[in-house]
$ cat structure30.txt   # compact mmCIF, C-alpha atoms and all ligand atoms
# COMPACT_ATOMS: atom_id res chain seq x y z
CA MET Q 1 92.10 82.99 68.10
CA LYS Q 2 94.15 79.80 67.98
CA TYR Q 3 92.63 77.97 70.96
CA LYS Q 4 88.87 77.96 70.87
CA VAL Q 5 87.03 79.82 73.61
CA ILE Q 6 83.46 78.81 74.46
CA ARG Q 7 81.23 81.29 76.23
CA ASN Q 8 79.67 79.24 79.05
CA PRO Q 9 77.12 81.10 81.22
CA LYS Q 10 76.84 78.06 83.51
CA TYR Q 11 80.14 79.20 85.03
CA ASP Q 12 79.14 82.83 85.65
CA PHE Q 13 77.59 82.16 89.06
CA ILE Q 14 76.03 85.61 88.94
CA GLY Q 15 75.25 87.03 92.35
CA GLN Q 16 77.33 84.39 94.06
CA HIS Q 17 80.69 84.88 95.64
CA TYR Q 18 83.13 82.99 97.78
CA ALA Q 19 81.14 83.38 100.96
CA THR Q 20 77.86 82.17 99.41
CA ASN Q 21 78.72 78.58 100.29
CA TYR Q 22 82.25 78.59 101.71
CA PRO Q 23 83.06 81.59 103.92
CA ASN Q 24 86.75 82.36 104.03
CA LEU Q 25 88.41 82.69 107.43
CA HIS Q 26 90.42 85.74 106.32
CA LYS Q 27 90.11 88.26 103.51
CA TYR Q 28 92.37 87.56 100.56
CA PRO Q 29 92.60 89.26 97.15
CA ALA Q 30 91.50 87.62 93.91
CA THR Q 31 90.15 84.44 95.46
CA MET Q 32 88.66 81.94 93.04
CA ILE Q 33 85.10 81.02 93.87
CA PRO Q 34 84.93 77.29 94.64
CA GLN Q 35 81.70 76.88 92.65
CA ILE Q 36 83.79 76.97 89.43
CA GLY Q 37 85.94 73.99 90.32
CA ILE Q 38 83.12 71.98 91.88
CA GLU Q 39 81.06 72.27 88.67
CA LEU Q 40 84.06 71.53 86.46
CA PHE Q 41 85.15 68.47 88.46
CA LYS Q 42 81.61 67.11 88.00
CA GLU Q 43 81.76 67.82 84.28
CA LEU Q 44 85.21 66.21 83.89
CA LYS Q 45 84.39 63.38 86.34
CA ILE Q 46 87.39 64.17 88.52
CA SER Q 47 87.47 62.65 92.00
CA ASN Q 48 89.70 60.65 94.30
CA CYS Q 49 93.10 61.64 92.95
CA LYS Q 50 96.17 63.80 93.54
CA LEU Q 51 95.68 67.54 93.09
CA LEU Q 52 98.22 70.36 92.79
CA ASP Q 53 97.73 74.11 93.14
CA PRO Q 54 101.07 75.88 92.52
CA TYR Q 55 99.54 79.30 93.42
CA CYS Q 56 97.20 78.26 96.19
CA GLY Q 57 96.54 81.62 97.91
CA SER Q 58 93.89 81.20 100.59
CA GLY Q 59 93.11 77.71 99.30
CA SER Q 60 89.93 77.66 97.24
CA SER Q 61 91.26 74.64 95.29
CA PHE Q 62 91.35 72.65 98.51
CA THR Q 63 87.76 73.62 99.30
CA ILE Q 64 86.89 72.24 95.87
CA GLY Q 65 88.96 69.12 96.46
CA MET Q 66 87.29 68.47 99.82
CA ASN Q 67 83.88 68.70 98.19
CA CYS Q 68 84.79 66.40 95.34
CA GLY Q 69 86.42 63.57 97.28
CA ILE Q 70 90.02 64.34 96.34
CA ASN Q 71 92.26 62.47 98.76
CA GLU Q 72 95.66 64.10 98.33
CA MET Q 73 96.29 67.80 97.73
CA TRP Q 74 99.43 69.89 97.46
CA GLY Q 75 99.60 73.67 97.49
CA PHE Q 76 102.38 76.26 97.23
CA ASP Q 77 102.51 80.01 97.66
CA ILE Q 78 105.26 82.51 98.35
CA ASN Q 79 103.08 84.78 100.40
CA PRO Q 80 103.34 83.66 104.06
CA LEU Q 81 99.91 85.10 104.84
CA ALA Q 82 98.35 82.92 102.11
CA VAL Q 83 100.00 79.84 103.56
CA LEU Q 84 98.86 80.76 107.06
CA ILE Q 85 95.23 81.07 105.91
CA SER Q 86 95.29 77.86 103.88
CA LYS Q 87 96.94 75.83 106.61
CA ALA Q 88 94.55 77.18 109.24
CA LYS Q 89 91.53 76.17 107.15
CA PHE Q 90 92.76 72.75 106.16
CA THR Q 91 94.39 71.39 109.31
CA LYS Q 92 92.25 69.24 111.56
CA ILE Q 93 92.20 70.50 115.14
CA ASP Q 94 90.58 69.10 118.26
CA LEU Q 95 87.63 71.46 118.77
CA ASN Q 96 87.41 71.08 122.54
CA LYS Q 97 91.09 71.77 122.94
CA MET Q 98 90.79 74.83 120.72
CA LYS Q 99 87.88 76.22 122.77
CA SER Q 100 89.69 75.71 126.04
CA TYR Q 101 92.75 77.51 124.61
CA LYS Q 102 90.44 80.36 123.64
CA GLN Q 103 89.15 80.62 127.20
CA LYS Q 104 92.68 80.50 128.55
CA LEU Q 105 93.82 83.26 126.20
CA ARG Q 106 90.87 85.47 127.21
CA ASN Q 107 91.61 84.97 130.89
CA GLU Q 108 95.31 85.62 130.51
CA VAL Q 109 94.79 88.84 128.57
CA TYR Q 110 92.05 89.98 130.94
CA GLU Q 111 94.16 89.39 134.03
CA PHE Q 112 97.20 91.01 132.44
CA ILE Q 113 95.55 94.28 131.46
CA LYS Q 114 94.09 94.77 134.94
CA LYS Q 115 97.51 95.99 136.12
CA GLU Q 116 98.95 98.89 134.26
CA GLU Q 117 102.50 98.17 135.46
CA ASN Q 118 102.36 94.98 133.37
CA PHE Q 119 102.39 97.03 130.19
CA ASP Q 120 106.08 97.75 130.59
CA LYS Q 121 106.84 94.06 130.30
CA ILE Q 122 105.55 93.96 126.71
CA GLN Q 123 107.90 94.50 123.83
CA ILE Q 124 106.44 96.61 121.03
CA PRO Q 125 107.69 95.61 117.56
CA ASP Q 126 109.63 98.12 115.59
CA PHE Q 127 109.37 97.78 111.87
CA TYR Q 128 109.66 100.41 109.21
CA ASN Q 129 107.09 103.21 109.53
CA ILE Q 130 105.15 101.43 112.26
CA HIS Q 131 104.11 104.69 113.99
CA PHE Q 132 102.78 106.04 110.72
CA TRP Q 133 100.23 103.21 110.56
CA PHE Q 134 99.38 102.44 114.20
CA SER Q 135 98.56 104.53 117.26
CA LYS Q 136 100.53 103.95 120.45
CA ASN Q 137 97.54 102.42 122.17
CA VAL Q 138 96.79 100.03 119.30
CA LEU Q 139 100.44 98.95 119.14
CA GLN Q 140 100.47 98.19 122.82
CA ASN Q 141 97.23 96.18 122.77
CA LEU Q 142 98.16 94.22 119.66
CA SER Q 143 101.51 93.41 121.27
CA ILE Q 144 99.76 92.08 124.38
CA ILE Q 145 97.59 89.75 122.30
CA LYS Q 146 100.59 88.60 120.27
CA PHE Q 147 102.58 87.97 123.46
CA PHE Q 148 99.94 85.54 124.72
CA ILE Q 149 99.33 83.89 121.31
CA ASN Q 150 103.07 83.22 121.14
CA LYS Q 151 102.83 81.24 124.36
CA ILE Q 152 100.50 78.68 122.77
CA ALA Q 153 102.57 75.55 122.38
CA ASN Q 154 100.21 73.73 120.02
CA LYS Q 155 101.26 75.08 116.60
CA ASP Q 156 97.98 74.23 114.85
CA ILE Q 157 95.95 76.12 117.43
CA LYS Q 158 98.41 79.00 117.43
CA ARG Q 159 98.07 79.25 113.64
CA ILE Q 160 94.28 79.49 113.73
CA PHE Q 161 94.45 82.10 116.52
CA LEU Q 162 96.76 84.19 114.33
CA ILE Q 163 94.06 84.44 111.65
CA PRO Q 164 91.81 86.87 113.59
CA PHE Q 165 94.95 88.56 114.88
CA SER Q 166 96.03 89.30 111.32
CA GLU Q 167 92.61 90.75 110.49
CA THR Q 168 92.63 92.80 113.70
CA ILE Q 169 96.00 94.33 112.76
CA ARG Q 170 94.58 95.65 109.53
CA GLU Q 171 91.30 96.79 111.05
CA CYS Q 172 93.02 98.70 113.84
CA SER Q 173 95.63 100.37 111.64
CA TYR Q 174 95.20 103.77 110.01
CA THR Q 175 94.53 102.16 106.62
CA ARG Q 176 91.35 102.60 104.68
CA ASN Q 177 90.00 99.12 105.16
CA ASN Q 178 88.01 98.67 102.00
CA GLU Q 179 91.09 98.82 99.77
CA PHE Q 180 93.68 96.13 99.15
CA LYS Q 181 96.56 98.53 98.78
CA LEU Q 182 97.71 100.53 101.78
CA TYR Q 183 96.28 104.03 101.87
CA LYS Q 184 96.19 106.07 105.04
CA MET Q 185 92.97 107.50 106.43
CA LYS Q 186 92.40 111.24 106.26
CA SER Q 187 93.71 113.09 109.32
CA GLU Q 188 90.21 114.09 110.45
CA ASP Q 189 89.23 110.40 110.45
CA ILE Q 190 92.33 109.51 112.47
CA LEU Q 191 91.22 111.88 115.24
CA ASN Q 192 88.00 109.88 115.67
CA PHE Q 193 89.66 106.50 115.37
CA ASN Q 194 90.03 104.63 118.62
CA PRO Q 195 89.42 100.94 117.93
CA ASP Q 196 88.73 98.47 120.72
CA VAL Q 197 91.58 96.08 119.86
CA PHE Q 198 90.72 93.39 122.42
CA GLY Q 199 86.99 93.47 121.60
CA ILE Q 200 87.71 93.24 117.87
CA TYR Q 201 90.18 90.39 118.30
CA PHE Q 202 88.04 88.21 120.54
CA ASN Q 203 84.92 88.73 118.40
CA LYS Q 204 86.91 87.73 115.36
CA LEU Q 205 88.35 84.74 117.19
CA ASN Q 206 84.82 83.54 118.02
CA LYS Q 207 83.78 83.99 114.41
CA THR Q 208 86.87 82.18 113.10
CA ILE Q 209 86.25 79.19 115.36
CA PHE Q 210 82.57 79.14 114.41
CA LEU Q 211 83.33 79.16 110.66
CA TYR Q 212 86.09 76.60 110.99
CA GLU Q 213 83.84 74.27 112.97
CA LYS Q 214 80.88 74.62 110.61
CA TYR Q 215 82.48 74.71 107.17
CA TYR Q 216 85.95 73.15 107.33
CA PHE Q 217 86.25 70.77 110.27
CA PRO Q 218 83.50 68.34 109.14
CA LYS Q 219 85.22 67.78 105.80
CA LEU Q 220 88.77 67.34 107.00
CA ASP Q 221 88.64 63.64 107.67
CA SER Q 222 90.06 61.81 104.75
CA ALA Q 223 92.13 64.14 102.58
CA LYS Q 224 95.85 64.60 103.06
CA ILE Q 225 96.66 68.29 102.40
CA ASN Q 226 100.26 69.57 102.18
CA ILE Q 227 100.74 73.32 101.95
CA ASP Q 228 104.16 74.89 101.64
CA TYR Q 229 105.58 78.39 101.76
CA LYS Q 230 107.72 78.23 98.63
CA LYS Q 231 107.70 78.22 94.86
CA PHE Q 232 106.54 74.96 93.35
CA GLU Q 233 109.31 72.66 92.14
CA THR Q 234 108.85 69.71 89.81
CA LYS Q 235 107.52 66.42 91.20
CA GLU Q 236 107.67 64.24 88.12
CA ASN Q 237 104.55 62.40 86.84
CA TYR Q 238 102.89 62.70 90.24
CA PHE Q 239 99.65 64.67 89.92
CA ASP Q 240 96.36 63.73 88.27
CA VAL Q 241 94.96 67.23 88.20
CA VAL Q 242 96.22 70.79 88.54
CA LEU Q 243 93.65 73.36 89.53
CA THR Q 244 94.89 76.90 89.97
CA SER Q 245 94.27 80.56 89.49
CA PRO Q 246 97.68 82.15 88.81
CA PRO Q 247 98.33 85.86 89.25
CA TYR Q 248 97.10 87.75 86.19
CA GLY Q 249 100.18 89.92 85.96
CA ASP Q 250 102.99 91.22 88.13
CA SER Q 251 101.96 92.24 91.64
CA LYS Q 252 103.07 95.82 91.23
CA THR Q 253 100.58 96.65 88.51
CA THR Q 254 97.79 94.09 89.11
CA VAL Q 255 97.02 92.73 92.55
CA ALA Q 256 99.58 93.69 95.19
CA TYR Q 257 99.41 90.53 97.31
CA GLY Q 258 102.54 91.52 99.22
CA GLN Q 259 101.29 94.99 99.98
CA PHE Q 260 97.89 93.66 101.04
CA SER Q 261 99.62 91.26 103.43
CA LEU Q 262 102.42 93.56 104.59
CA PHE Q 263 101.31 94.29 108.15
CA SER Q 264 100.32 90.70 108.84
CA ASN Q 265 103.60 89.37 107.49
CA GLU Q 266 105.59 91.93 109.48
CA TRP Q 267 103.78 91.11 112.71
CA LEU Q 268 104.32 87.43 111.96
CA GLY Q 269 108.04 88.13 111.84
CA ILE Q 270 108.60 87.45 108.13
CA GLU Q 271 112.00 88.82 107.16
CA ASN Q 272 111.27 89.66 103.54
CA ALA Q 273 107.80 91.08 104.15
CA ARG Q 274 108.55 94.20 102.13
CA LYS Q 275 110.05 92.29 99.23
CA ILE Q 276 107.27 89.80 98.59
CA ASP Q 277 105.77 91.59 95.59
CA SER Q 278 109.14 91.62 93.86
CA LEU Q 279 109.60 87.88 94.53
CA MET Q 280 106.30 87.02 92.88
CA MET Q 281 105.63 86.12 89.27
CA GLY Q 282 106.77 88.97 87.05
CA GLY Q 283 108.23 90.78 90.06
CA LYS Q 284 111.71 91.26 88.61
CA ILE Q 285 111.83 93.32 85.46
CA SER Q 286 113.39 91.35 82.60
CA ASN Q 287 116.08 92.79 80.36
CA SER Q 288 114.72 91.41 77.10
CA LEU Q 289 111.34 91.32 75.39
CA TYR Q 290 109.45 88.04 75.35
CA ASN Q 291 109.40 87.33 71.63
CA LYS Q 292 108.09 83.79 71.25
CA GLY Q 293 104.71 82.48 70.11
CA LEU Q 294 101.39 84.23 69.94
CA ILE Q 295 101.94 86.70 72.80
CA SER Q 296 104.94 88.35 71.08
CA ASN Q 297 102.80 90.51 68.74
CA TYR Q 298 100.95 91.94 71.71
CA ILE Q 299 104.18 92.67 73.57
CA ASN Q 300 105.55 94.39 70.48
CA GLU Q 301 102.44 96.58 70.39
CA ILE Q 302 103.01 97.55 74.03
CA ASN Q 303 106.65 98.23 73.22
CA LYS Q 304 105.58 100.84 70.65
CA LYS Q 305 103.92 102.72 73.51
CA SER Q 306 106.32 102.00 76.36
CA TYR Q 307 109.51 99.97 76.38
CA LYS Q 308 109.45 99.75 80.18
CA ARG Q 309 105.93 98.34 80.29
CA SER Q 310 106.77 95.80 77.59
CA LEU Q 311 109.70 94.57 79.71
CA GLU Q 312 107.49 94.32 82.80
CA VAL Q 313 104.92 92.32 80.88
CA SER Q 314 107.67 90.13 79.37
CA SER Q 315 108.97 89.23 82.78
CA TYR Q 316 105.53 87.91 83.79
CA TYR Q 317 105.36 85.67 80.69
CA TYR Q 318 108.92 84.39 81.18
CA ASP Q 319 108.00 83.36 84.73
CA LEU Q 320 104.68 81.85 83.69
CA GLU Q 321 106.44 79.86 80.96
CA ASP Q 322 108.97 78.45 83.47
CA SER Q 323 106.25 77.57 85.90
CA ILE Q 324 104.18 75.80 83.21
CA PHE Q 325 107.28 73.80 82.25
CA ASN Q 326 107.60 72.54 85.86
CA VAL Q 327 103.90 71.91 86.27
CA ALA Q 328 103.63 70.03 82.95
CA LYS Q 329 106.41 67.62 83.95
CA SER Q 330 104.66 66.95 87.24
CA VAL Q 331 101.39 65.76 85.71
CA LYS Q 332 100.79 62.07 84.92
CA LYS Q 333 99.74 60.84 81.48
CA ASN Q 334 96.03 61.60 80.90
CA GLY Q 335 96.16 64.06 83.79
CA LYS Q 336 94.44 67.45 83.36
CA ILE Q 337 95.31 71.04 84.08
CA ILE Q 338 92.69 73.68 84.84
CA TYR Q 339 93.90 77.30 84.90
CA VAL Q 340 91.45 80.07 85.77
CA VAL Q 341 92.85 83.33 84.50
CA GLY Q 342 91.97 86.87 83.40
CA ASN Q 343 93.31 88.63 80.32
CA ARG Q 344 94.61 91.92 81.57
CA ARG Q 345 94.95 95.09 79.56
CA VAL Q 346 98.22 97.02 79.44
CA LYS Q 347 98.49 100.30 77.53
CA ASN Q 348 95.02 99.55 76.23
CA ILE Q 349 96.15 96.25 74.70
CA GLN Q 350 94.42 93.13 75.96
CA LEU Q 351 96.87 90.29 76.56
CA PRO Q 352 95.48 86.83 75.72
CA THR Q 353 96.97 85.01 78.70
CA ASP Q 354 94.44 82.18 78.27
CA GLN Q 355 95.88 81.54 74.78
CA PHE Q 356 99.43 81.71 76.12
CA ILE Q 357 98.63 79.07 78.75
CA ALA Q 358 97.07 76.72 76.19
CA GLU Q 359 100.02 77.24 73.82
CA LYS Q 360 102.62 76.55 76.51
CA PHE Q 361 100.90 73.40 77.74
CA GLU Q 362 100.65 72.15 74.13
CA GLN Q 363 104.39 72.74 73.76
CA ASN Q 364 104.92 70.65 76.91
CA GLY Q 365 103.09 67.49 75.89
CA PHE Q 366 99.44 68.46 76.49
CA LYS Q 367 96.42 68.80 74.23
CA HIS Q 368 94.09 71.78 74.65
CA LEU Q 369 90.58 70.43 75.40
CA PHE Q 370 88.59 73.65 75.76
CA THR Q 371 88.54 77.12 77.27
CA TYR Q 372 85.37 78.45 78.86
CA GLU Q 373 84.71 82.16 79.10
CA ARG Q 374 82.82 83.31 82.19
CA LEU Q 375 81.69 86.71 83.36
CA LEU Q 376 83.62 88.02 86.27
CA GLY Q 377 81.05 89.46 88.60
CA ASN Q 378 82.36 88.27 91.89
CA LYS Q 379 86.09 88.65 92.27
CA SER Q 380 87.62 91.15 94.65
CA MET Q 381 90.09 92.87 92.40
CA PRO Q 382 90.56 96.13 90.59
CA LEU Q 383 88.26 95.96 87.60
CA GLU Q 384 89.27 99.24 86.13
CA ASN Q 385 92.45 101.13 85.68
CA SER Q 386 93.57 104.18 83.85
CA PRO Q 387 95.45 102.98 80.77
CA THR Q 388 97.29 106.22 80.32
CA ASN Q 389 97.52 107.09 84.00
CA LYS Q 390 95.55 110.22 83.11
CA LYS Q 391 92.72 111.20 85.37
CA GLY Q 392 89.36 110.62 83.71
CA GLN Q 393 90.56 108.00 81.26
CA ARG Q 394 89.53 104.59 82.44
CA CYS Q 395 88.82 101.33 80.76
CA GLY Q 396 87.59 97.93 81.92
CA THR Q 397 90.56 95.65 82.55
CA MET Q 398 89.01 92.25 83.18
CA THR Q 399 85.31 91.67 83.16
CA LYS Q 400 85.74 88.14 81.89
CA GLU Q 401 87.66 85.18 83.11
CA TYR Q 402 88.89 82.12 81.23
CA ILE Q 403 88.95 78.52 82.37
CA VAL Q 404 91.64 76.77 80.34
CA VAL Q 405 91.55 72.95 80.32
CA CYS Q 406 94.28 70.76 78.78
CA GLU Q 407 95.12 67.05 79.00
CA LYS Q 408 98.53 65.36 78.97
C1 LIG R 1 95.02 84.62 92.14
S1 LIG R 1 95.88 84.31 93.62
C2 LIG R 1 95.32 82.71 94.08
C3 LIG R 1 94.04 82.79 94.82
C4 LIG R 1 93.57 81.46 95.33
N1 LIG R 1 93.02 80.66 94.29
C5 LIG R 1 92.53 81.71 96.40
O1 LIG R 1 91.41 81.30 96.25
O2 LIG R 1 92.86 82.40 97.40
C6 LIG R 1 97.52 84.01 93.09
C7 LIG R 1 98.51 83.62 94.19
O3 LIG R 1 99.79 83.39 93.60
C8 LIG R 1 100.78 83.69 94.57
N2 LIG R 1 102.06 83.80 93.85
C9 LIG R 1 102.53 84.79 93.06
N3 LIG R 1 103.72 84.45 92.54
C10 LIG R 1 104.02 83.21 93.00
C11 LIG R 1 105.09 82.28 92.81
N4 LIG R 1 106.12 82.58 92.02
N5 LIG R 1 105.04 81.07 93.41
C12 LIG R 1 104.00 80.75 94.21
N6 LIG R 1 102.95 81.58 94.45
C13 LIG R 1 102.95 82.78 93.86
C14 LIG R 1 100.25 84.96 95.25
O4 LIG R 1 100.82 85.11 96.53
C15 LIG R 1 98.75 84.67 95.28
O5 LIG R 1 98.41 84.12 96.53
$ encode --input "structure30.txt" --output "C-alpha cells"
Amino acid sequence: MKYKVIRNPKYDFIGQHYATNYPNLHKYPATMIPQIGIELFKELKISNCKLLDPYCGSGSSFTIGMNCGINEMWGFDINPLAVLISKAKFTKIDLNKMKSYKQKLRNEVYEFIKKEENFDKIQIPDFYNIHFWFSKNVLQNLSIIKFFINKIANKDIKRIFLIPFSETIRECSYTRNNEFKLYKMKSEDILNFNPDVFGIYFNKLNKTIFLYEKYYFPKLDSAKINIDYKKFETKENYFDVVLTSPPYGDSKTTVAYGQFSLFSNEWLGIENARKIDSLMMGGKISNSLYNKGLISNYINEINKKSYKRSLEVSSYYYDLEDSIFNVAKSVKKNGKIIYVVGNRRVKNIQLPTDQFIAEKFEQNGFKHLFTYERLLGNKSMPLENSPTNKKGQRCGTMTKEYIVVCEK
C-alpha cells in the first residue's frame, strides 16, 4: 500500500450512531456520524475557519463545524432532498413564529377537512406511476397538507414544515419502509394498510420542531452556513478545511440516493427527480477505462470479469478525479482535506478508493498526512452484496471506513 493506513480504534465509536448525540431531522442514507469529525478537529486543532463539504448530504459536516467553532461553512449537493434537510437544520428560525405557524396549519387543515365538498378544490399531483405507490385516500390527504404548506409565505418555515411532509410521503406510500430502495409491499399487506396521514404528519411536525429547538437552534448563532443545490465549482484558495464523505461508488450500484429521495423530490416539484442518480458521481457510464495511477490495475482485473462493470467503475473515478482537482484548487496553503470513504468491492475486487484520494491530492499540490482505518458499525448502507448476482453468494462489501487526511 502506497499511502500508509493506521488502524485507529478511537474512531470506531462502537455502539454509537448519528442519533446518539445529534438526531437527524430526516432519514438520509450513508450519513457520516459527527463524532468522527469532532474528534478529528480536536486532534488537528481545527477551529474558527472556512469549511467546505462538496457532497454535504444531510449536513453532518455542519453539525461538526457548529460544535467546533467553525464560523463559515459551504455545502453542495445535487440531491434536492439533501439540500432541503441541510438547510432546514442549519437556518435560524424564530421559534415563536414557527410554533404559531404550526398552530395555524393545524387549524386550517382541520377546518378544511370538516367539509367533504372542499376535497374537490384540491389538485392531486400526477407523476409517473403515482397510483402504483399511493392509495387514493393517501394522495388526497397528502395533497391537502401540501396545499396548506404551500401557502406559508416565510420560506424558512415552509422548508422546515416540508421535512415531516417528506417523511410522511414515504411512510404512507406502499413502500417497505425499512429499505432505502423502493420496493412495494406485498398485496396482503396493502389490504391492511390505511395510514392516518394527518396524524402522522402532525406528530412528525411536533418532533421536527422539538429536535430543531433542542439540538440545532441553540448552536446557530455565529456560523454563516451556505448550502447550494448544485455541483461544487472551484473557489480558488478560499477554504481552510474540507470535510466530506463522498459517495463510495455510482448511485446505481451502491447507495441509490436519487431513488431513496424520489417521492419527496417529485412531491417537491423537482423536474429531474427521476434522473438524479444518473447525474451523480459515476452516474454516466464512461466509454474508456480509467488507466492512470494505482487504481488502474484493479480496474483491469474487473475488466477481465466484466467490461461493462469496469467502465461503470471507471466513470466514478473520472468524476472523483475531476472533483478533487476543483477541491484542491479551492483550498488555501496549509489547508487540510479530510475525506471519509469506504473501499467498495466490485466483482469481488476491493477498490482502494482511500489510496486513490491520497494519490490525487498529492498530484494536486497536497501531502498525505495519514489515513485512519475505522470499523464501520453504524452506517445505514448495504453492507453486503452478491458479487456474482447469484443467490446464496454474498460477501462483505465495506465493513471498514477510511479517514484520509492531506495538507496543501
Ligand atoms: C455519503 S453521502 C454524504 C452524506 C453526508 N455526509 C451526511 O451526513 O448526510 C454523499 C452525497 O453526495 C451527493 N452527490 C453525489 N454526486 C454528487 C455530485 N456530483 N455533486 C454533489 N453531490 C453529489 C449525494 O446526493 C449524497 O448526498
$ residues_near_ligand --input "structure30.txt" --ligand "ligand LIG 1 (chain R)" --cutoff "7 Å" --atoms "all atoms listed in the file" --output "VMD selection string"
chain Q and resid 28 to 33 54 to 61 76 to 79 82 230 to 232 244 to 247 257 279 to 281
$ atom_distance --input "structure30.txt" --atom1 "CA of Lys184 in chain Q" --atom2 "CA of Trp133 in chain Q"
7.4 Å
$ residues_near_point --input "structure30.txt" --point "(89.5, 65.2, 91.7)" --cutoff "8 Å" --atoms "only C-alpha atoms" --output "list in words"
Phe41, Lys45, Ile46, Ser47, Asn48, Cys49, Lys50, Leu51, Gly65, Cys68, Gly69, Ile70, Asp240 and Val241 of chain Q
$ write_last_selection --input "structure30.txt" --atoms "C-alpha atoms" --output "PDB file, keeping the file's coordinate frame"
ATOM      1  CA  PHE Q  41      85.150  68.470  88.460  1.00  0.00           C
ATOM      2  CA  LYS Q  45      84.390  63.380  86.340  1.00  0.00           C
ATOM      3  CA  ILE Q  46      87.390  64.170  88.520  1.00  0.00           C
ATOM      4  CA  SER Q  47      87.470  62.650  92.000  1.00  0.00           C
ATOM      5  CA  ASN Q  48      89.700  60.650  94.300  1.00  0.00           C
ATOM      6  CA  CYS Q  49      93.100  61.640  92.950  1.00  0.00           C
ATOM      7  CA  LYS Q  50      96.170  63.800  93.540  1.00  0.00           C
ATOM      8  CA  LEU Q  51      95.680  67.540  93.090  1.00  0.00           C
ATOM      9  CA  GLY Q  65      88.960  69.120  96.460  1.00  0.00           C
ATOM     10  CA  CYS Q  68      84.790  66.400  95.340  1.00  0.00           C
ATOM     11  CA  GLY Q  69      86.420  63.570  97.280  1.00  0.00           C
ATOM     12  CA  ILE Q  70      90.020  64.340  96.340  1.00  0.00           C
ATOM     13  CA  ASP Q 240      96.360  63.730  88.270  1.00  0.00           C
ATOM     14  CA  VAL Q 241      94.960  67.230  88.200  1.00  0.00           C
TER      15      VAL Q 241
END
$ residues_around --input "structure30.txt" --residues "Tyr248 in chain Q" --least-positions-apart "3" --cutoff "8 Å" --atoms "all atoms listed in the file" --output "list in words"
Thr254, Val341, Gly342, Asn343, Arg344 and Thr353 of chain Q
$ write_last_selection --input "structure30.txt" --atoms "C-alpha atoms" --output "PDB file, in the frame of the given file"
ATOM      1  CA  THR Q 254      97.790  94.090  89.110  1.00  0.00           C
ATOM      2  CA  VAL Q 341      92.850  83.330  84.500  1.00  0.00           C
ATOM      3  CA  GLY Q 342      91.970  86.870  83.400  1.00  0.00           C
ATOM      4  CA  ASN Q 343      93.310  88.630  80.320  1.00  0.00           C
ATOM      5  CA  ARG Q 344      94.610  91.920  81.570  1.00  0.00           C
ATOM      6  CA  THR Q 353      96.970  85.010  78.700  1.00  0.00           C
TER       7      THR Q 353
END
$ residues_around --input "structure30.txt" --residues "range 151-168 of chain Q" --least-positions-apart "4" --cutoff "7 Å" --atoms "all atoms listed in the file" --output "list in words"
His26, Leu84, Ile85, Ala88, Ile93, Met98, Phe147, Cys172, Ile200, Tyr201, Lys204, Leu205, Thr208 and Ser264 of chain Q
$ write_last_selection --input "structure30.txt" --atoms "C-alpha atoms" --output "short mmCIF file (atom, residue, chain, number, x, y, z; two decimals), in the coordinates of the input"
data_model
loop_
_atom_site.label_atom_id
_atom_site.label_comp_id
_atom_site.auth_asym_id
_atom_site.auth_seq_id
_atom_site.Cartn_x
_atom_site.Cartn_y
_atom_site.Cartn_z
CA HIS Q 26 90.42 85.74 106.32
CA LEU Q 84 98.86 80.76 107.06
CA ILE Q 85 95.23 81.07 105.91
CA ALA Q 88 94.55 77.18 109.24
CA ILE Q 93 92.20 70.50 115.14
CA MET Q 98 90.79 74.83 120.72
CA PHE Q 147 102.58 87.97 123.46
CA CYS Q 172 93.02 98.70 113.84
CA ILE Q 200 87.71 93.24 117.87
CA TYR Q 201 90.18 90.39 118.30
CA LYS Q 204 86.91 87.73 115.36
CA LEU Q 205 88.35 84.74 117.19
CA THR Q 208 86.87 82.18 113.10
CA SER Q 264 100.32 90.70 108.84
#
$ closest_residue --input "structure30.txt" --among "Q:Phe13, Q:Tyr101, Q:Phe193, Q:Phe119" --to "Asn206 in chain Q" --atoms "all atoms listed in the file"
Q:Tyr101
$ closest_residue --input "structure30.txt" --among "Q:Leu52, Q:Leu211, Q:Ile130, Q:Leu182" --to "Gln259 in chain Q" --atoms "only C-alpha atoms"
Q:Leu182
$ atom_distance --input "structure30.txt" --atom1 "CA of Val255 in chain Q" --atom2 "CA of Leu243 in chain Q"
19.9 Å
$ residues_around --input "structure30.txt" --residues "Asn141 in chain Q" --least-positions-apart "4" --cutoff "8 Å" --atoms "all atoms listed in the file" --output "list in words"
Asn137, Ile145, Val197 and Phe198 of chain Q
$ closest_residue --input "structure30.txt" --among "Q:Asp94, Q:Phe148, Q:Leu320, Q:Ile302" --to "Glu111 in chain Q" --atoms "only C-alpha atoms"
Q:Phe148
$ closest_residue --input "structure30.txt" --among "Q:Glu312, Q:Asp53, Q:Glu236, Q:Glu117" --to "Ser86 in chain Q" --atoms "all atoms listed in the file"
Q:Asp53
$ closest_residue --input "structure30.txt" --among "Q:Glu359, Q:Glu72, Q:Glu266, Q:Glu373" --to "Asp126 in chain Q" --atoms "only C-alpha atoms"
Q:Glu266
$ residues_near_point --input "structure30.txt" --point "(100.4, 96.0, 123.0)" --cutoff "12 Å" --atoms "all atoms listed in the file" --output "PyMOL selection string"
chain Q and resi 109+112-113+116+118-125+134-148+169+197-198+267
$ atom_distance --input "structure30.txt" --atom1 "CA of Tyr307 in chain Q" --atom2 "CA of Glu321 in chain Q"
20.9 Å
$ residues_around --input "structure30.txt" --residues "Asn192 in chain Q" --least-positions-apart "6" --cutoff "12 Å" --atoms "all atoms listed in the file" --output "ChimeraX atom specification"
/Q:135,174,185-186
$ closest_residue --input "structure30.txt" --among "Q:Asn71, Q:Ser278, Q:Thr399, Q:Ser187" --to "Ser222 in chain Q" --atoms "all atoms listed in the file"
Q:Asn71
$ residues_around --input "structure30.txt" --residues "Ala256 in chain Q" --least-positions-apart "4" --cutoff "8 Å" --atoms "all atoms listed in the file" --output "JSON, numbers by chain"
{"Q": [180, 181, 251, 252, 260, 277]}
$ axis_aligned_box --input "structure30.txt" --around "range 243-254 of chain Q" --padding-each-side "4 Å" --output "AutoDock Vina command-line options"
--center_x 98.4 --center_y 85.0 --center_z 88.8 --size_x 17.4 --size_y 31.3 --size_z 13.7
